[in-house]
Every structure is written in C-alpha cells, then in structure tokens.
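Enquirer: Contents are TSV, C-alpha atoms; file name work-v9.tsv:
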chain	number	residue	atom	x	y	z
Q	1	MET	CA	38.57	-6.73	30.33
Q	2	GLY	CA	41.15	-4.41	28.95
Q	3	VAL	CA	41.22	-0.69	28.68
Q	4	GLY	CA	39.68	-0.81	25.19
Q	5	SER	CA	36.53	-2.64	26.22
Q	6	PHE	CA	36.17	-0.43	29.28
Q	7	PHE	CA	36.27	2.57	26.98
Q	8	THR	CA	33.70	1.19	24.48
Q	9	SER	CA	31.25	0.07	27.18
Q	10	LYS	CA	31.35	3.55	28.68
Q	11	LEU	CA	30.88	5.04	25.24
Q	12	ASP	CA	27.96	2.65	24.72
Q	13	GLU	CA	26.39	3.98	27.87
Q	14	ALA	CA	26.90	7.59	26.89
Q	15	ILE	CA	25.46	7.06	23.42
Q	16	GLY	CA	22.58	5.02	24.80
Q	17	TRP	CA	21.81	7.76	27.27
Q	18	ALA	CA	21.83	10.32	24.49
Q	19	ARG	CA	19.75	8.21	22.14
Q	20	LYS	CA	17.04	7.38	24.61
Q	21	TYR	CA	16.30	11.08	25.10
Q	22	SER	CA	16.28	11.95	21.41
Q	23	ILE	CA	13.57	9.73	20.02
Q	24	PHE	CA	12.25	10.92	16.70
Q	25	GLN	CA	9.20	8.76	16.15
Q	26	TYR	CA	7.35	8.11	12.93
Q	27	PRO	CA	3.66	7.73	13.81
Q	28	PHE	CA	2.13	5.25	11.36
Q	29	VAL	CA	-1.47	6.05	12.32
Q	30	THR	CA	-4.21	4.02	10.65
Q	31	ALA	CA	-7.08	3.86	13.14
Q	32	CYS	CA	-8.70	5.01	16.37
Q	33	CYS	CA	-5.53	4.47	18.45
Q	34	GLY	CA	-4.32	7.65	16.77
Q	35	MET	CA	-6.53	9.68	19.12
Q	36	GLU	CA	-4.76	8.23	22.11
Q	37	TYR	CA	-1.41	8.80	20.47
Q	38	MET	CA	-2.33	12.46	19.97
Q	39	ALA	CA	-3.48	12.76	23.57
Q	40	THR	CA	-0.13	11.35	24.67
Q	41	ALA	CA	1.81	13.62	22.39
Q	42	CYS	CA	0.02	16.83	23.38
Q	43	SER	CA	0.69	18.98	26.38
Q	44	HIS	CA	-1.55	17.21	28.90
Q	45	TYR	CA	0.57	14.04	28.95
Q	46	ASP	CA	3.45	15.51	26.98
Q	47	ILE	CA	5.87	12.89	25.70
Q	48	ASP	CA	8.28	15.76	25.12
Q	49	ARG	CA	9.26	15.18	28.76
Q	50	PHE	CA	10.82	11.93	27.55
Q	51	GLY	CA	12.61	13.49	24.63
Q	52	ALA	CA	10.11	12.17	22.10
Q	53	GLY	CA	8.37	15.42	21.34
Q	54	LEU	CA	9.15	15.74	17.65
Q	55	PRO	CA	7.39	13.28	15.37
Q	56	ARG	CA	8.98	13.14	11.94
Q	57	PHE	CA	6.69	12.45	9.04
Q	58	SER	CA	9.44	11.08	6.89
Q	59	PRO	CA	10.73	7.61	7.73
Q	60	ARG	CA	14.21	8.68	6.66
Q	61	GLN	CA	14.38	11.15	9.54
Q	62	ALA	CA	12.85	8.87	12.19
Q	63	ASP	CA	14.31	6.20	14.41
Q	64	VAL	CA	11.25	4.76	16.16
Q	65	LEU	CA	8.30	3.47	14.15
Q	66	PHE	CA	5.05	3.78	16.10
Q	67	VAL	CA	2.53	1.49	14.42
Q	68	VAL	CA	-0.73	2.94	15.70
Q	69	GLY	CA	-3.89	1.13	14.64
Q	70	THR	CA	-5.14	-1.86	12.71
Q	71	ILE	CA	-2.96	-3.06	9.84
Q	72	SER	CA	-4.80	-4.78	7.01
Q	73	HIS	CA	-3.16	-7.18	4.60
Q	74	LYS	CA	-3.47	-4.55	1.93
Q	75	MET	CA	-1.61	-2.03	4.11
Q	76	ALA	CA	1.11	-4.51	5.12
Q	77	PRO	CA	3.46	-3.92	2.13
Q	78	VAL	CA	3.22	-0.17	2.73
Q	79	LEU	CA	4.20	-0.59	6.37
Q	80	LYS	CA	7.08	-2.86	5.41
Q	81	ARG	CA	8.33	-0.32	2.90
Q	82	ILE	CA	8.16	2.47	5.51
Q	83	TYR	CA	10.18	0.30	7.87
Q	84	ASP	CA	12.75	-0.48	5.20
Q	85	GLN	CA	13.22	3.22	4.51
Q	86	MET	CA	14.21	4.01	8.09
Q	87	CYS	CA	17.91	4.29	8.86
Q	88	GLU	CA	19.66	2.22	11.51
Q	89	PRO	CA	19.45	2.26	14.46
Q	90	LYS	CA	15.70	1.81	14.46
Q	91	TRP	CA	13.06	0.45	16.77
Q	92	VAL	CA	9.41	-0.52	16.37
Q	93	VAL	CA	6.59	-0.01	18.85
Q	94	ALA	CA	3.31	-1.91	18.42
Q	95	PHE	CA	0.71	0.50	19.73
Q	96	GLY	CA	-2.67	-1.00	20.63
Q	97	VAL	CA	-3.94	-4.54	20.63
Q	98	CYS	CA	-4.63	-4.63	16.87
Q	99	THR	CA	-0.97	-4.18	16.04
Q	100	CYS	CA	0.08	-6.57	18.83
Q	101	THR	CA	-2.16	-9.52	17.87
Q	102	GLY	CA	-4.84	-8.38	15.46
Q	103	GLY	CA	-7.19	-7.80	18.39
Q	104	PHE	CA	-10.78	-8.72	17.84
Q	105	TYR	CA	-10.33	-8.35	14.08
Q	106	ASP	CA	-9.91	-12.09	13.76
Q	107	ASN	CA	-10.91	-12.02	10.11
Q	108	TYR	CA	-9.78	-12.27	6.52
Q	109	ALA	CA	-8.60	-8.68	6.17
Q	110	THR	CA	-6.39	-7.99	9.19
Q	111	VAL	CA	-2.75	-8.80	9.87
Q	112	GLN	CA	-2.68	-10.89	13.05
Q	113	GLY	CA	0.03	-8.91	14.78
Q	114	ILE	CA	2.63	-6.80	12.98
Q	115	ASP	CA	5.38	-9.04	14.34
Q	116	THR	CA	4.49	-11.31	11.42
Q	117	ILE	CA	6.08	-8.70	9.13
Q	118	LEU	CA	8.37	-6.56	11.31
Q	119	PRO	CA	10.60	-7.08	14.35
Q	120	VAL	CA	8.80	-5.41	17.28
Q	121	ASP	CA	10.65	-4.01	20.30
Q	122	VAL	CA	7.83	-2.92	22.60
Q	123	TYR	CA	4.20	-4.00	22.67
Q	124	ILE	CA	1.65	-1.62	24.20
Q	125	PRO	CA	-1.64	-3.50	24.56
Q	126	GLY	CA	-4.99	-1.84	25.12
Q	127	CYS	CA	-7.96	-0.87	23.01
Q	128	PRO	CA	-6.84	1.84	22.83
Q	129	PRO	CA	-4.06	2.04	25.44
Q	130	ARG	CA	-4.34	4.88	27.92
Q	131	PRO	CA	-1.67	7.57	27.66
Q	132	GLU	CA	-0.20	6.28	30.93
Q	133	SER	CA	0.47	2.89	29.37
Q	134	VAL	CA	1.86	4.54	26.25
Q	135	ILE	CA	4.31	6.47	28.42
Q	136	ASP	CA	5.09	3.27	30.29
Q	137	GLY	CA	5.84	1.57	26.99
Q	138	LEU	CA	7.95	4.51	25.89
Q	139	MET	CA	10.01	4.31	29.08
Q	140	LYS	CA	10.50	0.58	28.54
Q	141	LEU	CA	11.71	1.39	25.05
Q	142	GLN	CA	14.10	3.96	26.53
Q	143	ASP	CA	15.48	1.32	28.88
Q	144	LYS	CA	15.94	-1.00	25.95
Q	145	ILE	CA	17.69	1.67	23.90
Q	146	ALA	CA	19.99	2.59	26.76
Q	147	ALA	CA	20.81	-0.98	27.71
Q	148	GLY	CA	21.47	-2.25	24.21
Q	149	THR	CA	24.80	-2.49	22.51
Q	150	GLN	CA	25.09	0.66	20.47
Q	151	ARG	CA	26.20	0.47	16.89
Q	152	PHE	CA	27.82	3.64	15.64
I	1	MET	CA	-45.25	7.49	-6.98
I	2	ASP	CA	-46.73	4.92	-4.69
I	3	GLY	CA	-44.77	1.70	-4.41
I	4	GLU	CA	-47.68	-0.50	-5.41
I	5	VAL	CA	-48.07	1.49	-8.60
I	6	ILE	CA	-44.37	1.15	-9.36
I	7	LEU	CA	-44.55	-2.62	-8.91
I	8	ALA	CA	-47.68	-2.84	-11.05
I	9	ARG	CA	-46.05	-0.82	-13.81
I	10	LEU	CA	-42.93	-2.99	-13.72
I	11	SER	CA	-45.01	-6.20	-13.74
I	12	GLU	CA	-47.05	-4.96	-16.65
I	13	ARG	CA	-43.91	-4.28	-18.66
I	14	LEU	CA	-42.05	-7.48	-17.85
I	15	GLY	CA	-44.92	-9.93	-17.51
I	16	ALA	CA	-45.45	-12.66	-14.94
I	17	GLY	CA	-42.43	-14.61	-16.18
I	18	GLY	CA	-40.19	-11.60	-15.56
I	19	VAL	CA	-41.43	-10.38	-12.20
I	20	LEU	CA	-41.67	-13.44	-10.02
I	21	ASP	CA	-42.90	-11.84	-6.81
I	22	THR	CA	-43.54	-8.40	-5.37
I	23	PRO	CA	-43.25	-8.54	-1.60
I	24	THR	CA	-43.79	-5.41	0.48
I	25	TYR	CA	-42.46	-5.06	3.98
I	26	ARG	CA	-43.13	-1.99	6.15
I	27	GLY	CA	-43.43	0.32	3.21
I	28	ASP	CA	-40.41	-1.04	1.32
I	29	HIS	CA	-41.34	-2.36	-2.10
I	30	THR	CA	-39.36	-5.15	-3.69
I	31	ALA	CA	-39.55	-6.75	-7.09
I	32	ILE	CA	-38.02	-10.19	-7.44
I	33	VAL	CA	-37.16	-10.55	-11.10
I	34	SER	CA	-35.68	-13.33	-13.16
I	35	ARG	CA	-32.18	-12.99	-14.50
I	36	ALA	CA	-33.37	-13.15	-18.08
I	37	VAL	CA	-35.17	-9.83	-17.78
I	38	LEU	CA	-32.86	-8.11	-15.30
I	39	ALA	CA	-31.12	-5.89	-17.84
I	40	GLU	CA	-34.46	-4.88	-19.32
I	41	ALA	CA	-35.92	-4.25	-15.86
I	42	LEU	CA	-33.04	-2.00	-14.83
I	43	GLY	CA	-33.14	-0.09	-18.10
I	44	PHE	CA	-36.90	0.36	-17.83
I	45	CYS	CA	-36.60	1.57	-14.23
I	46	ARG	CA	-34.08	4.17	-15.26
I	47	ASP	CA	-35.65	5.41	-18.47
I	48	ASP	CA	-39.40	5.20	-17.95
I	49	PRO	CA	-40.62	8.77	-17.33
I	50	ALA	CA	-43.00	7.65	-14.60
I	51	LEU	CA	-40.30	5.68	-12.74
I	52	ARG	CA	-37.08	7.56	-13.59
I	53	PHE	CA	-34.79	5.78	-11.14
I	54	ASP	CA	-31.82	7.97	-11.91
I	55	MET	CA	-29.76	6.92	-8.92
I	56	LEU	CA	-28.34	3.50	-8.10
I	57	ILE	CA	-27.98	3.52	-4.32
I	58	ASP	CA	-26.37	0.14	-3.85
I	59	VAL	CA	-25.62	-3.21	-5.39
I	60	THR	CA	-24.99	-6.00	-2.94
I	61	ALA	CA	-25.59	-9.71	-2.53
I	62	VAL	CA	-26.78	-12.19	0.06
I	63	ASP	CA	-25.50	-15.72	0.51
I	64	TYR	CA	-28.40	-18.01	1.47
I	65	VAL	CA	-26.40	-21.23	1.80
I	66	ARG	CA	-27.86	-23.32	4.66
I	67	PHE	CA	-30.54	-20.66	5.11
I	68	PRO	CA	-33.71	-22.26	6.53
I	69	GLY	CA	-36.13	-22.81	3.69
I	70	ARG	CA	-33.58	-22.19	0.94
I	71	GLU	CA	-31.24	-25.13	1.33
I	72	ASP	CA	-32.02	-26.38	-2.20
I	73	GLY	CA	-32.91	-23.07	-3.79
I	74	PRO	CA	-30.68	-20.59	-5.55
I	75	ARG	CA	-27.76	-19.78	-3.33
I	76	PHE	CA	-27.30	-16.05	-3.92
I	77	ASP	CA	-29.51	-13.02	-4.23
I	78	VAL	CA	-28.12	-9.97	-5.98
I	79	VAL	CA	-29.89	-6.88	-4.63
I	80	TYR	CA	-30.24	-3.51	-6.33
I	81	HIS	CA	-31.47	-0.44	-4.47
I	82	LEU	CA	-32.82	2.27	-6.72
I	83	TYR	CA	-33.84	5.83	-5.94
I	84	SER	CA	-35.47	8.50	-8.05
I	85	VAL	CA	-34.35	12.01	-7.29
I	86	GLU	CA	-37.05	13.38	-9.57
I	87	HIS	CA	-39.99	11.52	-8.01
I	88	ASN	CA	-38.53	10.80	-4.55
I	89	HIS	CA	-39.42	7.13	-4.59
I	90	ARG	CA	-37.46	3.96	-4.05
I	91	LEU	CA	-37.44	0.37	-5.25
I	92	ARG	CA	-35.50	-2.77	-4.44
I	93	LEU	CA	-34.80	-5.33	-7.14
I	94	LYS	CA	-33.67	-8.84	-6.32
I	95	VAL	CA	-32.46	-11.56	-8.62
I	96	ALA	CA	-31.58	-15.08	-7.53
I	97	VAL	CA	-28.56	-16.88	-8.99
I	98	GLU	CA	-27.32	-20.43	-8.58
I	99	GLN	CA	-23.92	-21.26	-7.13
I	100	ASP	CA	-22.67	-23.00	-10.27
I	101	ASP	CA	-24.03	-20.32	-12.54
I	102	ALA	CA	-23.29	-17.20	-10.52
I	103	TRP	CA	-23.50	-14.33	-12.95
I	104	VAL	CA	-25.84	-11.47	-13.77
I	105	PRO	CA	-25.66	-8.87	-16.55
I	106	THR	CA	-23.82	-5.71	-15.66
I	107	ALA	CA	-25.56	-2.41	-14.95
I	108	SER	CA	-22.44	-0.33	-15.46
I	109	ALA	CA	-23.68	1.02	-18.78
I	110	LEU	CA	-26.79	2.42	-17.05
I	111	TRP	CA	-25.25	3.88	-13.91
I	112	PRO	CA	-21.47	4.47	-13.85
I	113	ILE	CA	-21.34	3.80	-10.09
I	114	ALA	CA	-22.36	0.21	-10.81
I	115	ASN	CA	-18.82	-0.32	-12.06
I	116	TRP	CA	-17.30	-0.21	-8.57
I	117	LEU	CA	-20.32	-1.63	-6.74
I	118	GLU	CA	-20.24	-4.70	-8.96
I	119	ARG	CA	-16.51	-5.06	-8.47
I	120	GLU	CA	-17.12	-5.12	-4.72
I	121	VAL	CA	-19.78	-7.83	-5.09
I	122	TRP	CA	-17.39	-9.85	-7.25
I	123	ASP	CA	-14.67	-9.36	-4.65
I	124	MET	CA	-16.76	-10.41	-1.67
I	125	PHE	CA	-19.17	-12.98	-3.15
I	126	GLY	CA	-17.63	-14.16	-6.40
I	127	ILE	CA	-20.64	-13.30	-8.52
I	128	ARG	CA	-19.59	-12.35	-12.03
I	129	PHE	CA	-21.14	-9.44	-13.91
I	130	GLU	CA	-21.26	-10.24	-17.59
I	131	GLY	CA	-20.25	-7.33	-19.79
I	132	HIS	CA	-18.46	-5.48	-17.01
I	133	PRO	CA	-15.57	-3.49	-18.52
I	134	ASP	CA	-13.04	-4.18	-15.76
I	135	LEU	CA	-14.08	-6.87	-13.30
I	136	ARG	CA	-11.18	-6.86	-10.84
I	137	ARG	CA	-11.19	-7.06	-7.07
I	138	LEU	CA	-12.01	-3.68	-5.52
I	139	LEU	CA	-11.21	-3.89	-1.80
I	140	LEU	CA	-8.95	-6.91	-1.46
I	141	TYR	CA	-5.63	-7.48	-3.17
I	142	GLU	CA	-5.11	-9.54	-6.27
I	143	GLU	CA	-3.34	-12.41	-4.52
I	144	PHE	CA	-6.33	-13.05	-2.26
I	145	VAL	CA	-7.83	-16.52	-2.73
I	146	GLY	CA	-11.58	-16.95	-2.33
I	147	HIS	CA	-14.46	-14.63	-1.59
I	148	PRO	CA	-14.68	-13.83	2.12
I	149	LEU	CA	-18.34	-12.88	2.50
I	150	ARG	CA	-19.49	-16.28	1.30
I	151	LYS	CA	-20.90	-18.14	4.27
I	152	ASP	CA	-18.66	-21.13	3.65
I	153	TYR	CA	-15.49	-19.03	3.83
I	154	PRO	CA	-13.83	-20.14	7.11
I	155	ILE	CA	-13.87	-17.24	9.55
I	156	ASN	CA	-10.28	-17.79	10.64
I	157	ARG	CA	-8.70	-18.72	7.33
I	158	ARG	CA	-5.38	-16.96	6.88
I	159	GLN	CA	-4.21	-15.77	3.52
I	160	PRO	CA	-0.50	-15.85	2.72
I	161	LEU	CA	1.02	-12.51	3.62
I	162	ILE	CA	1.78	-10.38	0.64
I	163	GLY	CA	5.24	-8.93	0.40
I	164	PRO	CA	6.17	-5.48	-0.83
I	165	LYS	CA	6.14	-4.97	-4.57
I	166	VAL	CA	9.53	-4.08	-5.94
Translate the structure described by the file into structure tokens.

Expert:
Amino acid sequence: MGVGSFFTSKLDEAIGWARKYSIFQYPFVTACCGMEYMATACSHYDIDRFGAGLPRFSPRQADVLFVVGTISHKMAPVLKRIYDQMCEPKWVVAFGVCTCTGGFYDNYATVQGIDTILPVDVYIPGCPPRPESVIDGLMKLQDKIAAGTQRF
Amino acid sequence: MDGEVILARLSERLGAGGVLDTPTYRGDHTAIVSRAVLAEALGFCRDDPALRFDMLIDVTAVDYVRFPGREDGPRFDVVYHLYSVEHNHRLRLKVAVEQDDAWVPTASALWPIANWLEREVWDMFGIRFEGHPDLRRLLLYEEFVGHPLRKDYPINRRQPLIGPKV
C-alpha cells in the first residue's frame, strides 16, 4: 500500500464520517407506517440526533429514500421514478414489513417487497416498526455509509 | 314508502316475468329482476314520483361459483343499491348473469356515478356493461391480466411488474 492509497482510504473515512451525519431523507410515505416515521422524526425520539433531521420533499435534494408503507403495483412505477431522480450517492431504506416482503398483503395488488424493483440497503421489519427499531436501522445505515467506499 | 309497497309497485310495472322474486331480510327489501327488464326497472325506480330513487348508492357484484345451491345456476349477481333522498327509502336490485354471457345494460345515463362504479365492477369481476361510454379498468392498471375478485382467481397469482412509463 503506497502513500496514495493511504491518502484515499483516509479521505474515504473522512467523507464517510461526514456523510453519515448529513442524511437528507426523502420519506415516501404511503400508509400507516408514516405515523411511526413521524414519531421517530419528532422531538420525542428525534432522529436529528443522528443528523437526519431534515427530510427533503424533492428527490433531487435527498440521498436516502425511506419507503414507508405498502407499495401497490400501480404505485411501483412512481416509486421507481422517484428513485431514478435521486442523485448519487443514494441509499434506500425499506421501512415496515410491507416494503420488506409485502407483509400480510399477499394479494394481487401489492408489490411483494420493494427489492423486486429497487436495490435496498437496510430493511426495518415491523408492523409498524417501533421508533427504537427505526433508529436502530438508521444507525445500521450510518455504519454502512461510513464503511463503504466513497465515490466523489 | 314502505318496502313492501315499493316491491309491489315495481312488480306491477314489470310483471311476473320481470321481477322474479322479492325477498325481504330484516327490513331490507330486494327485487331480483331479469336482465331483459333491468334498464326499464332502473329507469322506473328513478323517475316514478312515488319511488324517486334519485341516488345510486352502489353497484357491485357477487361471484357464486361453487356456492352451495348455485353450482349450476348463473354465476354472478350484479347488485344495485338505491336510495331516495326525497322519500328516505331504500331498495336493492339484483340481476343474475351467466359466466359466458356476463353483461348487463349500463346505468350511467341514469346516474352519472354509475360510470365509475361499473368500471370498478368490470375491473374486479369482468362483467361488461353494454352502452357504457368508457369501460376501462378503474383501480388496477391496464396491463393487469384477469379479474381478481373472481373466486377462481388464484390468491397468490403474481402479475408481471409494470415498469415506469417513459
């Protein structure tokens, strides 16, 4: 390992550290999980402590897509388009069991897990997940952001 | 108006060949009519001054395939729920249709809301409404194959995922 790679790996770490505390999430809220997302975002649980306090309601300004709630087949192209509009680097969190697997909506209308249409970084199961597990998932996402190779 | 009187008035107008049965269950009055007189029955219900059903509450359908006692009979029932704001009375109309001949005349000229209600029934049950101005799927997407509220639609059938339109 030469001086160059030492330098870039340290830069990776620094950028990863910065990125994991500046998460601008796009909450794609379609169902009841949204309540739990709001509880997590508000002052009682306060995801601002993890640097994720500012949701952006434009995908072009966001870097984490929170898919919160059941995704139907009719909604799937919309979700895909939102994802395509986000700039790199970007991550996806599947929030709640419906986005992870389809949940108990094992029927004709529901997408059986959003990983059939998007690459998912963190799954947060639960129906809906408690704010503690959301924060746990967020911290796992932070670890993933910090540990990954940063593209810049 | 009392439900029995409504049913009697409807039977008198349409005759025994039109109104096939008039069951009453816990104060709910139902007229089972034949498809041939359905359009006339709906128009009469709306326009007759004594009935004046000016509000179409719902159009839906029931799939009776493999239903005990109706294995051979007509597969579907199309159900109309009518309400009169003026007289504060209600009526349910049912019409039976066969699987191979699944259509009924549209009611969208009588009540504009029937337009979307009938599109939903077409979407979910595959019953056509003859004369409907725009019989497209209402809730599902165009690429969907089949009609999911039919009892023989497999509960775990997966449709091909639809991609984004460009």

Enquirer: Distance atom CA of Q:Gly137-atom CA of Q:Ala76, one decimal place?

Expert: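 Computed distance, atom CA of Q:Gly137 to atom CA of Q:Ala76, equals 23.2 Å.
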
Enquirer: Per residue of chain Q within 8 Å of chain I, what are the shortest atom pair and its distance in Å to one decimal, counting only C-alpha atoms, with rows by chain and residue number, as CSV?

Expert:
residue,atom,partner,partner_atom,distance
Q:His73,CA,I:Leu161,CA,6.8
Q:Lys74,CA,I:Tyr141,CA,6.3
Q:Ala76,CA,I:Ile162,CA,7.4
Q:Pro77,CA,I:Pro164,CA,4.3
Q:Val78,CA,I:Pro164,CA,7.0
Q:Lys80,CA,I:Pro164,CA,6.8
Q:Arg81,CA,I:Pro164,CA,6.7
Q:Asp106,CA,I:Asn156,CA,6.5
Q:Asn107,CA,I:Asn156,CA,5.8
Q:Tyr108,CA,I:Arg158,CA,6.4
Q:Ala109,CA,I:Leu140,CA,7.8

Enquirer: Provide the atom CA of I:Met1 to atom CA of I:Thr106 distance in Å, to one decimal place.

Expert: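 Straight-line distance from atom CA of I:Met1 to atom CA of I:Thr106 works out to 26.6 Å.
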
Enquirer: With all atoms listed in the file as the basis for distance, which of Q:Glu132, Q:Asp48, Q:Asp121, Q:Glu88 is at the shortest distance from Q:Gln61?

Expert: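 The shortest atom-to-atom distance to Q:Gln61 comes from Q:Glu88.
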
Enquirer: Atom CA of Q:Cys32 and atom CA of I:Asp58, how far apart in Å?

Expert: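 Spanning atom CA of I:Asp58 to atom CA of Q:Cys32 is a straight-line distance of 27.3 Å.
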
Enquirer: Would you list the residues near (-3.4, 7.9, 21.5), meaning any protein, DNA or RNA residue with an atom at most 8 Å from that point in file coordinates, counting only C-alpha atoms, as a PDB file with C-alpha atoms, in the frame of the given file?

Expert:
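Once written, selection-v6.pdb looks like this:
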ATOM      1  CA  CYS Q  32      -8.700   5.010  16.370  1.00  0.00           C
ATOM      2  CA  CYS Q  33      -5.530   4.470  18.450  1.00  0.00           C
ATOM      3  CA  GLY Q  34      -4.320   7.650  16.770  1.00  0.00           C
ATOM      4  CA  MET Q  35      -6.530   9.680  19.120  1.00  0.00           C
ATOM      5  CA  GLU Q  36      -4.760   8.230  22.110  1.00  0.00           C
ATOM      6  CA  TYR Q  37      -1.410   8.800  20.470  1.00  0.00           C
ATOM      7  CA  MET Q  38      -2.330  12.460  19.970  1.00  0.00           C
ATOM      8  CA  ALA Q  39      -3.480  12.760  23.570  1.00  0.00           C
ATOM      9  CA  THR Q  40      -0.130  11.350  24.670  1.00  0.00           C
ATOM     10  CA  ALA Q  41       1.810  13.620  22.390  1.00  0.00           C
ATOM     11  CA  PRO Q 128      -6.840   1.840  22.830  1.00  0.00           C
ATOM     12  CA  PRO Q 129      -4.060   2.040  25.440  1.00  0.00           C
ATOM     13  CA  ARG Q 130      -4.340   4.880  27.920  1.00  0.00           C
ATOM     14  CA  PRO Q 131      -1.670   7.570  27.660  1.00  0.00           C
ATOM     15  CA  VAL Q 134       1.860   4.540  26.250  1.00  0.00           C
TER      16      VAL Q 134
END
